[in-house]
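Notes for the one structure printed next.
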Amino acid sequence: MTRRELILSSAALSAAAAAAQSNGSGKTVSIASGNGINATARAVEMMKAGADTLDAVIAGVNINEDDPDEHGVGLGGLPNEEGVVELDASVMHGPTRRCGAVASIQRIKNPSKVAKLVMQETDHVMMAGAGALKLAKAFGFAEDELLTEKSRLAWMVWKKSLRDASGHNNWTDGLDAPVKASAQLKKMFPDVDEKTLAWAWQMAVHPIAGTINCLGLNAKGEISGVTTTSGLAWKIAGRVGDSPIIGAGLYVDQEVGGAGSTGRGEENIRISGGHTIVENMRRGMSPTEACLDACKRVARNYDNDNTRLKAIGITFYALRKDGVYGSANLWKGGQFAVNDGKGPSRLENCAYLLG
């Protein structure tokens with residue numbers, strides 16, 4: 001090699017090294033839905049310790065999946081109309097551009113881990129129902145009863161709250177005299193305390209949407225994401241929302257960033273929210289602007305009619321490769337979790353489309 005060739009080669013290597021270094025923002029950031037304070041803290045802690053970004057965010061949401069009092073995710077999630085807990089999840093790994101998902105899986109409390117299993121151990125992207133359960137068991141996942149007594153109570157209260165057009169319900173004692181809900185519930189469930197009964201009634205008439213989305217970026221600029229949920233409470237058995245749908249409940253592009261959603265999944269599927277947000281960021285929108293645009297697309301599908309939109313709750317989250325993040329809710333009042341690697345996780349207010 002001549003001296004000139006050596007100089008040119010060294011220059012090329014230096015340029016490549018500089019380019020590689022410029023790909024990372026030097027920031028370690030995790031954002032999540034409002035129930036992700038602990039998830040973002042764990043994700044950042046693990047990424048700073050050298051863990052892969054996907055392993056970090058999955059470990060973060062496992063906190064929620066393992067918590068029996070987190071009634072929209074994993075163990076203790078509110079069941080379908082038949083009293084069965086069905087879980088959905090998806091993962092995307094930016095560095096390898098791979099993804100995996102599971103839908104309607106039963107008796108496995110950590111669907112996020114099974115979604116990663118689909119990504120790593122198969123050439124498929126999504127597995128569902130009995131097939132997803134069979135795969136999980138083949139790789140050593142233990143089955144658990146996911147319906148806790150508290151969630152079972154909420155389901156029973158929901159069943160007893162149903163009425164046909166004439167006001168009759170087959171799940172009551174047949175005495176349909178008008179009484180205060182609290183008094184009637186106490187009669188039906190005499191051994192349950194007032195606070196728990198009040199919670200069960202609230203879940204029956206205004207069930208939580210559940211779900212946690214978590215995105216993580218390390219100092220090298222690598223980004224991954226996960227979304228996991230027990231889905232819509234009292235859903236028709238087999239219903240699948242946006243959480244396991246790549247491009248809707250979650251989307252990550254290593255060159256741009258990642259996005260996810262919680263809330264009314266059907267509306268997000270109709271606009272491919274995760275993909276839409278990432279493409280908006282690719283075209284120059286900030287994460288917050290990109291999330292607001294997704295909200296606008298949801299509103300447009302209802303002709304921007306606020307009366308019809310009042311029944312819909314949906315929130316979007318976005319994390320750009322340079323560490324800039326944002327979130328937007330259809331309505332005022334939402335919050336999301338952030339850990340920027342500089343201290344404890346915190347809640348920040350979402351931008352919003354409608355007051």
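Following the order of the structure tokens, chains are lettered A, B, ..., residues in each are numbered from 1, and ligands are numbered from 1.
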Residue contacts of Val226 of chain A (6 Å, only C-alpha atoms) excluding same-chain residues fewer than 5 positions away, as a list of chain:residue names: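 Non-adjacent residues within range: A:Ser90, A:Val91, A:Asn213, A:Cys214.
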Dump of N, CA and C atoms for the selected residues, as a compact mmCIF listing (two decimals), in the first residue's frame:
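selection13.txt, written as the output of this step:
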# COMPACT_ATOMS: atom_id res chain seq x y z
N SER A 90 -46.83 -6.58 21.13
CA SER A 90 -45.92 -6.53 19.99
C SER A 90 -44.60 -5.92 20.41
N VAL A 91 -43.53 -6.29 19.71
CA VAL A 91 -42.21 -5.73 19.94
C VAL A 91 -41.56 -5.40 18.60
N ASN A 213 -47.50 1.25 26.44
CA ASN A 213 -46.53 1.35 25.35
C ASN A 213 -45.26 1.92 25.94
N CYS A 214 -44.10 1.37 25.57
CA CYS A 214 -42.83 1.86 26.08
C CYS A 214 -41.80 1.86 24.95
Selection near Gln202 of chain A, 12 Å with only C-alpha atoms, sequence-local residues under 4 positions removed, as a PyMOL selection string: chain A and resi 153-155+157-158+161+181-182+195-198+206-208
Looking at only C-alpha atoms, which of A:Asp340, A:Glu348, A:Asp242, A:Glu45 is the one that sits closest to Ser327 of chain A?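 Counting only C-alpha atoms, the residue closest to Ser327 of chain A is A:Glu348.
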Quick one: everything within 12 Å of Ala49 of chain A, counting only C-alpha atoms, minus sequence neighbours fewer than 4 positions away in the same chain. Send it as a PyMOL selection string. chain A and resi 28+42-45+53+55-56+218-219+341
May I have the residues within 12 Å of Lys134 of chain A as a ChimeraX atom specification, using only C-alpha atoms and disregarding those fewer than 5 positions away in the same chain? /A:102,105-108,114,117-118,127-129,139-143
Minimum-distance residue to Ala200 of chain A, chosen among A:Leu146, A:Met156, A:Ala248, A:Leu354 (using only C-alpha atoms): A:Met156
